[in-house]
Structures are given as C-alpha cells and as structure tokens.
Number of protein chains: 2
Amino acid sequence: MSAIAAALGVSAATVSNALSGKGRVSPELIEKVRAKASELGYVPSLTARALRTGRTGVLGLVLPDIANPLFPQIAQAIENAASNAGYGVLIADSRGDIAAQTEAIGRLLERGVDGMVIVPRRGTRIADVGCPVAVIDTPSTPGNTVSADHWDGGSQMGRHLAELGHRKVLLIGTSASSNVQNDRIGGLKAGLGAQVECDTMWIEKVEAVSGEGCPLGLADKARAGFTAFAAVSDLSALRALTELQRAGIGVPETVSVTGFDDLIWSAVVTPALTTVRMDMATIADLAIAALIRAIEPEGEAENGAEEASTGNVISETDRVPMQLIVRQSTAVPQAGGISNLHVQTPNKPTAGEITS
Amino acid sequence: MSAIAAALGVSAATVSNALSGKGRVSPELIEKVRAKASELGYVPSLTARALRTGRTGVLGLVLPDIANPLFPQIAQAIENAASNAGYGVLIADSRGDIAAQTEAIGRLLERGVDGMVIVPRRGTRIADVGCPVAVIDTPSTPGNTVSADHWDGGSQMGRHLAELGHRKVLLIGTSASSNVQNDRIGGLKAGLGAQVECDTMWIEKVEAVSGEGCPLGLADKARAGFTAFAAVSDLSALRALTELQRAGIGVPETVSVTGFDDLIWSAVVTPALTTVRMDMATIADLAIAALIRAIEPEGEAENGAEEASTGNVISETDRVPMQLIVRQSTAVPQAGGISNLHVQTPNKPTAGEITS
DNA sequence: CTGAAAGCGCTTACAG
DNA sequence: CTGAAAGCGCTTACAG
C-alpha cells in the first residue's frame, strides 16, 4: 500500500480510501490507484486490517465429531457460504467429548474469529461465548438459530410410506437423547398416521464388527409383519438394508428401507435408498447471514430482538424444509406377501425423483 | 498486555519477554507477570503477533472435493495434528474443478496462511505457491510429500486374497487417471501373484440412480468364475456388495468383496467389508511436521535438500504403511462352487482383526 | 536484568 | 477532494 502511495505521490490514507471506496476520492485518482495496485500485484494484508478494525474476517466451524458422515455436506456448505461472503472458515473438532467442545471453542476465540457456527453435541446447550454464534441443531432446541425442519422431513417420509400402503413400520434410531432423531421420529409417526402400527427400535452404534456383524434381528421383524424399516439416518438404513438382504429378504419387493440425509452412498447401493435430504446450502446461507448481521455494524440501530437472553447466541429459529428423495418404488406387497408384484425400475440410470 | 505492564509498573517489553520466555527476565518477575496475566484473564492477540512476526499460525487445508467421503478422516487428522502444534486450520474446497483449486489456494494465501496441506486433484501438479506446501497424494507422484503407501496396501490385500485361495479376481476402479487407484491396483496385482487371473473394471461414478440403480453386471462376472471383487474404494465395494446380494449371490460364502479406506460404513454393513486403512494420524503428523520445519526458522542453516527444484513444495516422499483389516473370513469355496463351506463367524461382535 | 523506541500494514476520525 | 497523524497489540533489536 505504501508502495502504491509512493509510486503515485499520494498518501497511504488516500490509497486506502480509493481501494475501499470509503472516503470521497476523485474517480480519476481511484482509477489510477487501482491500476497501480494491480500493476504492483498488491495484496492487502488482512492481518493488519484485522488488527486495526478488530475483525479478522474468519468464522469458526465447531462440529461434534468431524468423523461424522454428514460432516462433508455441512463443511462444504458452510465453506461455500462463508467464502461467498468474504470470510474464511477455521475448523475445530470436538472429538466427541464435551470438554473438547469447550476447548475447541476456546481455541477459535483465541484466534479471534468474528463469529462461529456450532453444531452442538447432543444435549449441549451453547452458553454465551465471546462472539456471535449460530447454532445448527433442530427447531425444537432452545437457542437454535437455523436448521432443517427434521420433524417435517419425518412427516414427509411417513406420509410417503403410508401412501404406499405400509401398515406396520419399524422406526430405527441410535440415540433417544438426540433432538434431531426425536424430531424425525415424531414427524414419521405423525406422517404415518394413527392407523399405521409402529415400533421404535433404538440400536447401538457398532464400534467394530467382523463377519456377520452385529445383527439387529430385522429378519424376525420382517417375518413378524413389518413391511417398512424407516431409519433416522442413512447409516442405520444401510445397516438394515444389508442385514435384510443377507437374510434373503427382498428389498424393496418384500420390505422397504428408508433413511435420512442422502449420504453419498445412498444413491449407489442396490437398491438405492429412499431418503430425505437437508438443504444444507440454504441452512448454511442463513447461518452465515445471521452471523454477518450480528458482526457487521449495519447502519441501523440494533434490533434488540435478536440478542435476547441467550446473549450472543442468535436465536431466530429458521426452519428449512427437507426434500424427500424417492429412489425405491416401495409399494407394499399385496396381502399374502407375494414378492414379485414390484415393478422393476428400468436399468437405465435416471435421476432420483425429487419431491418438493 | 499493557494492562499487565501498568499494574506491575514494568514495561510491555518485559511482559512480552516474561510471557514468551525469550528475553532474560528474573524468575521472580516472570512469576509475578504470569500471576497477573491469569488474574486479568489476559489473552494475547494473535492478530497483533501475526502482524509483527509475519506469521499467522494458521495452516490451509485444500481438498479436491470436501464432499469426498474420505474427507472426515483427513480433516480430523490434520486438524488434530495442527492444533497439537499450535496451529489453526483454514479449509478450502476445490469443488471439483481445477480453476477452483487455484482460486482456493489464492484465498488461503491472501489470508496469510503459513503453509498448506494440499490433497491435489487427479493429475494436478502443484506448482510453486507463495508458501510451504505439503502434498498428500501417492509416493509415486512427483512432488508428493507424504502419503499412505497405496501400492503396499494393495499388495497386502492381494496376498490376503491369494492366500484365501482366490484364483480369479475382478479389480474395480473408478478412474484410470488416478495415481492413488493405479498404485492400489498395481499393488493388488503384485500381491495376487502371477498365477491368479485378474481383470480390471473401470466403473463410472453414479450421479443419481433410482430403483435398481446402475448395475455393473457383477452377477455375470460371478457366474463367469470370479470369486473375489477387489474394489479400490469402499464406496465401489459397497456398490458391488449390494448388487451381488441383490442378485442372490452370497457374500462371503460364494464370492468375496473387499474395499479400501475403511470408511465409516464398512464395519456396519452385513457382511462387514474387509478393507485397507490409511494411517491418517501418522500421515497428518508427518505433513504438519514437514510444514513446520519449513515455516519455523530452526537454529540450523537451511537443509538445502528439502527445497529443491519444486520450490516451496516439500518433497520428502514419506510412505506410511497401510493396515489390512480383515472382517470377512473370505475363504474361497471348494472347486465346484458349493456355497456353504464357509464357516460362519459367530454373531457376537468382535473387534475387526487387524493385521500389521 | 529491564526499558524506551520503532515498526509490522492497515483504517479512521480529523484537519485542511 | 486529499493528507498528516494516531493507533490497533504485539515483538525485536538496541541501550542502559
């Protein structure tokens, strides 16, 4: 910057004003400064700017566990939204335990992030940290900022299954203390309606398995009359699908298996999984926008409503609809259990049918 | 810092020296400064330090595609290694195309990262950027800094399959231009040995499928005598597994399916996948260590050898061994194709057997 | 062993 | 419309 100022015989202040468009500088000078800047390959020092303005232009992303299969979707969406808004993204891994989450938040704070996006660990309530925070959890969690409408996603799936004629459905979850899972299950039950019988099975996470793995007894469930297995995550759905297939139970002609999240493999397995997808791009855009509103001093006076009792945690409770992605034509078999009524989808690959 | 100095009646320089242990300050004063600092809840401004020292303490992580299912493993390992070394990690997504990769690198550079870890897109040769770069690709890629020994991983898998008696193996890859995949396939062939017949099938990535998906014709291959399907990624292995199961071909009693990378679901499917795992923790540690060696001015004179013709790209070509994880007891059936010679693994979950 | 001074590169009131 | 000055919070030679 001083090089530009020297070359042009003007002051650094003028160069700064010209480049930022803040101060009133004559159009001709602005042009000259710009030209010189690009000629000299000028790259502003964001560090110096940060020291002066007190803002680093960096946002933190705190996740319960980076190893989570959903992480790629989240990270990609946040990174994209942030970089469109001119912000960088620093990652922090809570590695499971809650102490590590606090520590991770602390590290980000030390690095001077202007705000952070937190996907909290189950049951964690994010307290007031030293900067604006957008929480992505579920609409039913207090202090949530923006998230997918998991309940609605569940209800879409439930209606879909009910419409296909399923009357006995097994819901599969992994954590009864997860707000997300409870919302999804609540939605599923509501969508299935009162005349559909359903049970909920809470399964444990598998650490390491060999051979036949850790069977859930799903074949018995199928024999007991369950025709649909609705998992609250694609990972559980995949576990169910392979266990059923292995037991010789045809999917989807005998039973249907559905998941949640549209993880990368769900379109790739045979048969592909019917699932519900979060609109992470929109969620990320809203989260970043909320953060920026809190960070950048808008001309207007402060809204007041935004920063209520939660302190820095922005509570707006935006609900972003989820998308049902139907990949199996999971019509329930006729009473009697004939297994080949199912109309095979042609082999030519076609785009997954996406409903609303 | 100035608050501490004022409270103690010393200079800011002394506080700085006391806290950093650089200058020679009397032990008693150091203690007093420390006490005051923690009493005042002093948090040093990393921004100011960065401006002064020219180093930000932040490393960039550039990935070909954050949506890649391997991303969680990589990001977690890098974040962990970096934060142990006192560095933060800024992420950048190349979102597939090569222009975006260049742009992502540029954004990180503008933010003043001290160095970066790049997992390059296939076929990309990382040129000299403005800071130290550690490249994670394959040992056979020129300019590679550290990576798993994919060839060795393949050969471990090949030997394993050969020992189990497989004599006709189908290798499955998705990209003939990928160095990683070619290394893995080269290793597989070498490990299988000359007396094992093998074909390589290059399959296309599935964008979106519905119903029966996009079958690879694997059932025909099984009928043609292939008894093992060795994919170079767990994703392809999963695709193969579900397609074979769907076609009524028993895995593992009729054919075996193996993958690579030990992605999260590979232990969860039935039957669990035999796979090969990268030691990402070690790879990350080596990458970060190499970066730090290049960033932090060690007392000694520069090594010379490290920064050869590649400019800032550190070429050390460390090979980190891979781990074979046997989850299926995939003994090949007796000649004649009887399908129930396979000894079922007991249902009790046991830890996956990990070999070297 | 300790302190005064300069400066990293910017931006922001404030004068002119 | 343009410039001189101060200062963000640190660290690093250099004196004392």
# chains A, B, ... in the order shown; residues from 1 in each chain; ligands from 1
>>> select_by_dssp(residues="stretch 52-220 of chain A", states="strand (DSSP E)", output="PyMOL selection string")
chain A and resi 58-63+88-93+115-118+133-135+146-148+168-173+197-202
>>> write_last_selection(atoms="C-alpha atoms", output="tab-separated table (two decimals), in the first residue's frame")
chain	number	residue	atom	x	y	z
A	58	VAL	CA	-12.67	-15.51	9.87
A	59	LEU	CA	-15.51	-17.66	11.13
A	60	GLY	CA	-15.18	-20.81	13.18
A	61	LEU	CA	-16.95	-24.08	12.49
A	62	VAL	CA	-17.38	-26.32	15.51
A	63	LEU	CA	-18.61	-29.83	14.99
A	88	GLY	CA	-12.58	-17.75	5.87
A	89	VAL	CA	-13.50	-20.83	7.86
A	90	LEU	CA	-11.42	-22.26	10.67
A	91	ILE	CA	-12.37	-25.77	11.72
A	92	ALA	CA	-12.48	-27.19	15.19
A	93	ASP	CA	-13.24	-30.73	16.17
A	115	GLY	CA	-18.33	-15.49	14.91
A	116	MET	CA	-18.93	-19.18	14.81
A	117	VAL	CA	-21.26	-21.83	13.56
A	118	ILE	CA	-21.78	-24.58	16.09
A	133	VAL	CA	-22.84	-17.80	17.46
A	134	ALA	CA	-25.18	-19.50	15.04
A	135	VAL	CA	-26.38	-22.88	16.26
A	146	VAL	CA	-31.31	-22.29	11.86
A	147	SER	CA	-31.71	-25.90	10.92
A	148	ALA	CA	-33.50	-28.34	8.75
A	168	LYS	CA	-46.64	-51.83	10.13
A	169	VAL	CA	-43.45	-49.83	10.25
A	170	LEU	CA	-40.31	-50.19	12.31
A	171	LEU	CA	-38.60	-46.91	13.16
A	172	ILE	CA	-34.88	-47.20	13.80
A	173	GLY	CA	-32.83	-44.69	15.76
A	197	GLU	CA	-48.78	-49.51	13.70
A	198	CYS	CA	-45.22	-48.61	14.52
A	199	ASP	CA	-42.48	-49.58	16.89
A	200	THR	CA	-39.26	-47.74	17.59
A	201	MET	CA	-36.02	-49.63	17.89
A	202	TRP	CA	-33.01	-47.89	19.40
>>> interface_residues(of="chain B", to="chain D", cutoff="7 Å", atoms="only C-alpha atoms (C1' of nucleotides)", output="NGL selection string")
:B and (45 or 48-49 or 52)
>>> closest_residue(among="B:Pro64, B:Gly21, B:Gly9, B:Pro297", to="chain A", atoms="only C-alpha atoms")
B:Pro64
>>> select_by_dssp(residues="stretch 160-326 of chain A", states="alpha helix (DSSP H)", output="PyMOL selection string")
chain A and resi 160-163+179-192+218-223+234-246+280-295
>>> write_last_selection(atoms="N, CA and C atoms", output="short mmCIF file (atom, residue, chain, number, x, y, z; two decimals), in the first residue's frame")
data_model
loop_
_atom_site.label_atom_id
_atom_site.label_comp_id
_atom_site.auth_asym_id
_atom_site.auth_seq_id
_atom_site.Cartn_x
_atom_site.Cartn_y
_atom_site.Cartn_z
N HIS A 160 -45.32 -40.62 2.83
CA HIS A 160 -44.91 -41.40 1.67
C HIS A 160 -45.11 -42.90 1.92
N LEU A 161 -44.65 -43.35 3.06
CA LEU A 161 -44.77 -44.78 3.38
C LEU A 161 -46.23 -45.18 3.55
N ALA A 162 -46.99 -44.31 4.20
CA ALA A 162 -48.41 -44.62 4.41
C ALA A 162 -49.13 -44.70 3.07
N GLU A 163 -48.81 -43.79 2.18
CA GLU A 163 -49.44 -43.78 0.86
C GLU A 163 -49.10 -45.03 0.06
N ASN A 179 -32.06 -34.66 19.88
CA ASN A 179 -33.20 -33.86 19.46
C ASN A 179 -33.54 -34.08 17.99
N VAL A 180 -32.48 -34.16 17.20
CA VAL A 180 -32.69 -34.37 15.77
C VAL A 180 -33.46 -35.66 15.53
N GLN A 181 -33.00 -36.73 16.17
CA GLN A 181 -33.65 -38.02 15.95
C GLN A 181 -35.08 -38.02 16.49
N ASN A 182 -35.27 -37.40 17.62
CA ASN A 182 -36.62 -37.36 18.17
C ASN A 182 -37.57 -36.58 17.27
N ASP A 183 -37.07 -35.49 16.71
CA ASP A 183 -37.91 -34.72 15.78
C ASP A 183 -38.27 -35.58 14.58
N ARG A 184 -37.28 -36.27 14.05
CA ARG A 184 -37.53 -37.09 12.86
C ARG A 184 -38.53 -38.20 13.17
N ILE A 185 -38.38 -38.80 14.33
CA ILE A 185 -39.28 -39.89 14.70
C ILE A 185 -40.68 -39.35 14.97
N GLY A 186 -40.74 -38.20 15.63
CA GLY A 186 -42.04 -37.57 15.85
C GLY A 186 -42.75 -37.30 14.52
N GLY A 187 -41.99 -36.77 13.58
CA GLY A 187 -42.54 -36.47 12.26
C GLY A 187 -42.99 -37.74 11.55
N LEU A 188 -42.17 -38.76 11.64
CA LEU A 188 -42.51 -40.03 11.00
C LEU A 188 -43.85 -40.56 11.52
N LYS A 189 -43.98 -40.57 12.83
CA LYS A 189 -45.21 -41.09 13.43
C LYS A 189 -46.42 -40.26 12.99
N ALA A 190 -46.23 -38.96 12.99
CA ALA A 190 -47.34 -38.09 12.58
C ALA A 190 -47.69 -38.34 11.12
N GLY A 191 -46.64 -38.47 10.29
CA GLY A 191 -46.89 -38.67 8.86
C GLY A 191 -47.53 -40.02 8.57
N LEU A 192 -47.15 -41.02 9.33
CA LEU A 192 -47.71 -42.35 9.12
C LEU A 192 -49.19 -42.37 9.51
N LEU A 218 -33.57 -58.03 12.29
CA LEU A 218 -34.55 -57.42 11.41
C LEU A 218 -35.35 -58.44 10.61
N ALA A 219 -34.70 -59.57 10.31
CA ALA A 219 -35.41 -60.61 9.55
C ALA A 219 -36.62 -61.09 10.35
N ASP A 220 -36.42 -61.24 11.66
CA ASP A 220 -37.55 -61.64 12.52
C ASP A 220 -38.65 -60.59 12.47
N LYS A 221 -38.25 -59.35 12.47
CA LYS A 221 -39.23 -58.27 12.40
C LYS A 221 -40.03 -58.36 11.11
N ALA A 222 -39.30 -58.66 10.03
CA ALA A 222 -39.98 -58.76 8.74
C ALA A 222 -40.99 -59.91 8.79
N ARG A 223 -40.55 -61.02 9.38
CA ARG A 223 -41.46 -62.17 9.49
C ARG A 223 -42.65 -61.84 10.39
N ASP A 234 -29.10 -42.55 7.21
CA ASP A 234 -28.76 -43.47 6.12
C ASP A 234 -27.81 -44.57 6.58
N LEU A 235 -27.00 -44.24 7.58
CA LEU A 235 -26.07 -45.25 8.06
C LEU A 235 -26.83 -46.43 8.66
N SER A 236 -27.83 -46.13 9.46
CA SER A 236 -28.64 -47.21 10.03
C SER A 236 -29.45 -47.90 8.93
N ALA A 237 -29.89 -47.12 7.97
CA ALA A 237 -30.67 -47.70 6.87
C ALA A 237 -29.80 -48.69 6.09
N LEU A 238 -28.56 -48.31 5.89
CA LEU A 238 -27.65 -49.19 5.16
C LEU A 238 -27.42 -50.47 5.94
N ARG A 239 -27.30 -50.31 7.23
CA ARG A 239 -27.11 -51.48 8.07
C ARG A 239 -28.33 -52.40 7.95
N ALA A 240 -29.50 -51.79 7.98
CA ALA A 240 -30.72 -52.57 7.87
C ALA A 240 -30.82 -53.23 6.49
N LEU A 241 -30.54 -52.45 5.46
CA LEU A 241 -30.64 -52.97 4.10
C LEU A 241 -29.75 -54.20 3.91
N THR A 242 -28.49 -54.08 4.31
CA THR A 242 -27.58 -55.20 4.07
C THR A 242 -27.94 -56.39 4.94
N GLU A 243 -28.41 -56.13 6.15
CA GLU A 243 -28.79 -57.25 7.01
C GLU A 243 -29.99 -58.00 6.42
N LEU A 244 -30.94 -57.25 5.93
CA LEU A 244 -32.13 -57.88 5.34
C LEU A 244 -31.77 -58.63 4.07
N GLN A 245 -30.96 -58.00 3.25
CA GLN A 245 -30.54 -58.66 2.00
C GLN A 245 -29.81 -59.96 2.31
N ARG A 246 -28.94 -59.87 3.28
CA ARG A 246 -28.14 -61.02 3.66
C ARG A 246 -29.04 -62.16 4.14
N MET A 280 -28.66 -28.16 2.90
CA MET A 280 -27.53 -27.58 3.63
C MET A 280 -27.10 -26.25 3.06
N ALA A 281 -27.24 -26.07 1.75
CA ALA A 281 -26.81 -24.80 1.16
C ALA A 281 -27.62 -23.65 1.76
N THR A 282 -28.93 -23.86 1.84
CA THR A 282 -29.78 -22.81 2.40
C THR A 282 -29.52 -22.62 3.89
N ILE A 283 -29.37 -23.74 4.59
CA ILE A 283 -29.09 -23.64 6.02
C ILE A 283 -27.80 -22.86 6.25
N ALA A 284 -26.79 -23.19 5.47
CA ALA A 284 -25.51 -22.50 5.63
C ALA A 284 -25.65 -21.02 5.28
N ASP A 285 -26.36 -20.73 4.22
CA ASP A 285 -26.54 -19.32 3.84
C ASP A 285 -27.22 -18.55 4.96
N LEU A 286 -28.25 -19.14 5.54
CA LEU A 286 -28.97 -18.45 6.61
C LEU A 286 -28.09 -18.29 7.85
N ALA A 287 -27.34 -19.32 8.15
CA ALA A 287 -26.48 -19.25 9.34
C ALA A 287 -25.43 -18.16 9.16
N ILE A 288 -24.81 -18.16 8.00
CA ILE A 288 -23.76 -17.17 7.74
C ILE A 288 -24.37 -15.76 7.70
N ALA A 289 -25.53 -15.64 7.09
CA ALA A 289 -26.17 -14.33 7.01
C ALA A 289 -26.50 -13.81 8.40
N ALA A 290 -26.99 -14.68 9.25
CA ALA A 290 -27.33 -14.26 10.62
C ALA A 290 -26.08 -13.81 11.35
N LEU A 291 -25.02 -14.57 11.16
CA LEU A 291 -23.76 -14.23 11.80
C LEU A 291 -23.26 -12.87 11.33
N ILE A 292 -23.32 -12.67 10.04
CA ILE A 292 -22.80 -11.42 9.48
C ILE A 292 -23.64 -10.23 9.95
N ARG A 293 -24.92 -10.46 10.08
CA ARG A 293 -25.78 -9.39 10.58
C ARG A 293 -25.35 -8.98 12.00
N ALA A 294 -24.95 -9.99 12.77
CA ALA A 294 -24.54 -9.69 14.13
C ALA A 294 -23.13 -9.10 14.19
N ILE A 295 -22.32 -9.45 13.19
CA ILE A 295 -20.93 -9.00 13.20
C ILE A 295 -20.77 -7.60 12.63
#
>>> atom_distance(atom1="atom CA of A:Pro72", atom2="atom CA of B:Pro72")
6.8 Å
>>> closest_residue(among="A:Pro252, A:Pro321, A:Gly153, A:Gly158", to="chain B", atoms="only C-alpha atoms")
A:Pro252
>>> residues_around(residues="B:Arg34", least_positions_apart="4", cutoff="9 Å", atoms="only C-alpha atoms (C1' of nucleotides)", output="PyMOL selection string")
chain B and resi 15+18-19+29-30+38-39
>>> atom_distance(atom1="atom CA of A:Asp279", atom2="atom CA of A:Gln323")
7.4 Å
>>> closest_residue(among="A:Asp97, A:Asp137, A:Glu253, A:Glu316", to="chain B", atoms="only C-alpha atoms")
A:Glu253
>>> residues_around(residues="A:Asp65", least_positions_apart="2", cutoff="12 Å", atoms="only C-alpha atoms (C1' of nucleotides)", output="number ranges by chain")
A: 61-63, 67-72, 74-75, 91-98, 100-101, 104, 118-122; B: 72-73, 75-77, 79-80
>>> write_last_selection(atoms="N, CA and C atoms", output="mmCIF file, in the first residue's frame")
data_model
loop_
_atom_site.group_PDB
_atom_site.id
_atom_site.type_symbol
_atom_site.label_atom_id
_atom_site.label_comp_id
_atom_site.auth_asym_id
_atom_site.auth_seq_id
_atom_site.Cartn_x
_atom_site.Cartn_y
_atom_site.Cartn_z
ATOM 1 N N LEU A 61 -15.948 -23.024 12.666
ATOM 2 C CA LEU A 61 -16.946 -24.080 12.487
ATOM 3 C C LEU A 61 -16.652 -25.171 13.507
ATOM 4 N N VAL A 62 -17.581 -25.337 14.442
ATOM 5 C CA VAL A 62 -17.377 -26.320 15.509
ATOM 6 C C VAL A 62 -18.332 -27.488 15.308
ATOM 7 N N LEU A 63 -17.777 -28.662 15.229
ATOM 8 C CA LEU A 63 -18.612 -29.829 14.990
ATOM 9 C C LEU A 63 -18.430 -30.840 16.087
ATOM 10 N N ALA A 67 -15.591 -36.784 12.250
ATOM 11 C CA ALA A 67 -15.675 -38.082 11.589
ATOM 12 C C ALA A 67 -17.106 -38.414 11.173
ATOM 13 N N ASN A 68 -18.053 -37.627 11.618
ATOM 14 C CA ASN A 68 -19.443 -37.838 11.244
ATOM 15 C C ASN A 68 -19.621 -37.815 9.727
ATOM 16 N N PRO A 69 -20.360 -38.781 9.193
ATOM 17 C CA PRO A 69 -20.501 -38.844 7.740
ATOM 18 C C PRO A 69 -21.253 -37.649 7.145
ATOM 19 N N LEU A 70 -21.904 -36.891 7.982
ATOM 20 C CA LEU A 70 -22.628 -35.732 7.488
ATOM 21 C C LEU A 70 -21.703 -34.523 7.364
ATOM 22 N N PHE A 71 -20.544 -34.648 7.971
ATOM 23 C CA PHE A 71 -19.621 -33.525 8.005
ATOM 24 C C PHE A 71 -19.300 -32.947 6.624
ATOM 25 N N PRO A 72 -19.018 -33.793 5.622
ATOM 26 C CA PRO A 72 -18.706 -33.213 4.318
ATOM 27 C C PRO A 72 -19.785 -32.254 3.819
ATOM 28 N N ILE A 74 -21.982 -30.541 5.519
ATOM 29 C CA ILE A 74 -22.019 -29.322 6.321
ATOM 30 C C ILE A 74 -20.829 -28.426 6.008
ATOM 31 N N ALA A 75 -19.655 -29.024 6.047
ATOM 32 C CA ALA A 75 -18.444 -28.236 5.851
ATOM 33 C C ALA A 75 -18.434 -27.592 4.472
ATOM 34 N N ILE A 91 -11.641 -24.638 11.163
ATOM 35 C CA ILE A 91 -12.371 -25.772 11.718
ATOM 36 C C ILE A 91 -11.892 -26.143 13.108
ATOM 37 N N ALA A 92 -12.804 -26.734 13.855
ATOM 38 C CA ALA A 92 -12.484 -27.191 15.194
ATOM 39 C C ALA A 92 -13.277 -28.456 15.441
ATOM 40 N N ASP A 93 -12.613 -29.439 15.959
ATOM 41 C CA ASP A 93 -13.238 -30.735 16.169
ATOM 42 C C ASP A 93 -13.474 -30.944 17.654
ATOM 43 N N SER A 94 -14.690 -31.273 18.023
ATOM 44 C CA SER A 94 -14.961 -31.539 19.444
ATOM 45 C C SER A 94 -14.600 -32.965 19.826
ATOM 46 N N ARG A 95 -14.279 -33.775 18.831
ATOM 47 C CA ARG A 95 -13.831 -35.147 19.099
ATOM 48 C C ARG A 95 -14.675 -35.856 20.140
ATOM 49 N N GLY A 96 -15.974 -35.708 20.001
ATOM 50 C CA GLY A 96 -16.806 -36.444 20.930
ATOM 51 C C GLY A 96 -17.068 -35.759 22.256
ATOM 52 N N ASP A 97 -16.106 -35.712 23.108
ATOM 53 C CA ASP A 97 -16.474 -35.276 24.462
ATOM 54 C C ASP A 97 -16.709 -33.784 24.586
ATOM 55 N N ILE A 98 -17.427 -33.477 25.625
ATOM 56 C CA ILE A 98 -17.931 -32.136 25.825
ATOM 57 C C ILE A 98 -16.829 -31.176 26.256
ATOM 58 N N ALA A 100 -13.823 -31.263 25.149
ATOM 59 C CA ALA A 100 -13.133 -30.915 23.920
ATOM 60 C C ALA A 100 -13.915 -29.866 23.140
ATOM 61 N N GLN A 101 -15.232 -29.898 23.264
ATOM 62 C CA GLN A 101 -16.038 -28.897 22.572
ATOM 63 C C GLN A 101 -15.737 -27.511 23.139
ATOM 64 N N ALA A 104 -12.330 -26.481 22.043
ATOM 65 C CA ALA A 104 -12.302 -26.121 20.628
ATOM 66 C C ALA A 104 -12.843 -24.707 20.443
ATOM 67 N N ILE A 118 -21.957 -23.400 15.245
ATOM 68 C CA ILE A 118 -21.781 -24.577 16.093
ATOM 69 C C ILE A 118 -22.878 -25.597 15.822
ATOM 70 N N VAL A 119 -22.455 -26.805 15.551
ATOM 71 C CA VAL A 119 -23.390 -27.916 15.512
ATOM 72 C C VAL A 119 -23.145 -28.633 16.837
ATOM 73 N N PRO A 120 -24.025 -28.404 17.814
ATOM 74 C CA PRO A 120 -23.714 -28.846 19.171
ATOM 75 C C PRO A 120 -23.799 -30.350 19.337
ATOM 76 N N ARG A 121 -23.053 -30.814 20.296
ATOM 77 C CA ARG A 121 -23.192 -32.199 20.710
ATOM 78 C C ARG A 121 -24.576 -32.369 21.295
ATOM 79 N N ARG A 122 -25.053 -33.592 21.254
ATOM 80 C CA ARG A 122 -26.381 -33.876 21.811
ATOM 81 C C ARG A 122 -26.473 -33.387 23.244
ATOM 82 N N PRO B 72 -13.703 -36.604 6.043
ATOM 83 C CA PRO B 72 -13.708 -36.566 7.503
ATOM 84 C C PRO B 72 -12.420 -37.109 8.113
ATOM 85 N N GLN B 73 -11.961 -38.233 7.645
ATOM 86 C CA GLN B 73 -10.718 -38.803 8.176
ATOM 87 C C GLN B 73 -9.552 -37.834 8.014
ATOM 88 N N ALA B 75 -9.581 -34.492 7.398
ATOM 89 C CA ALA B 75 -9.745 -33.231 8.109
ATOM 90 C C ALA B 75 -9.523 -33.418 9.597
ATOM 91 N N GLN B 76 -10.049 -34.500 10.120
ATOM 92 C CA GLN B 76 -9.894 -34.737 11.545
ATOM 93 C C GLN B 76 -8.426 -34.909 11.918
ATOM 94 N N ALA B 77 -7.714 -35.674 11.122
ATOM 95 C CA ALA B 77 -6.310 -35.921 11.417
ATOM 96 C C ALA B 77 -5.483 -34.646 11.284
ATOM 97 N N GLU B 79 -6.571 -31.521 11.444
ATOM 98 C CA GLU B 79 -6.957 -30.560 12.480
ATOM 99 C C GLU B 79 -6.287 -30.925 13.792
ATOM 100 N N ASN B 80 -6.286 -32.190 14.089
ATOM 101 C CA ASN B 80 -5.699 -32.645 15.338
ATOM 102 C C ASN B 80 -4.185 -32.401 15.383
#
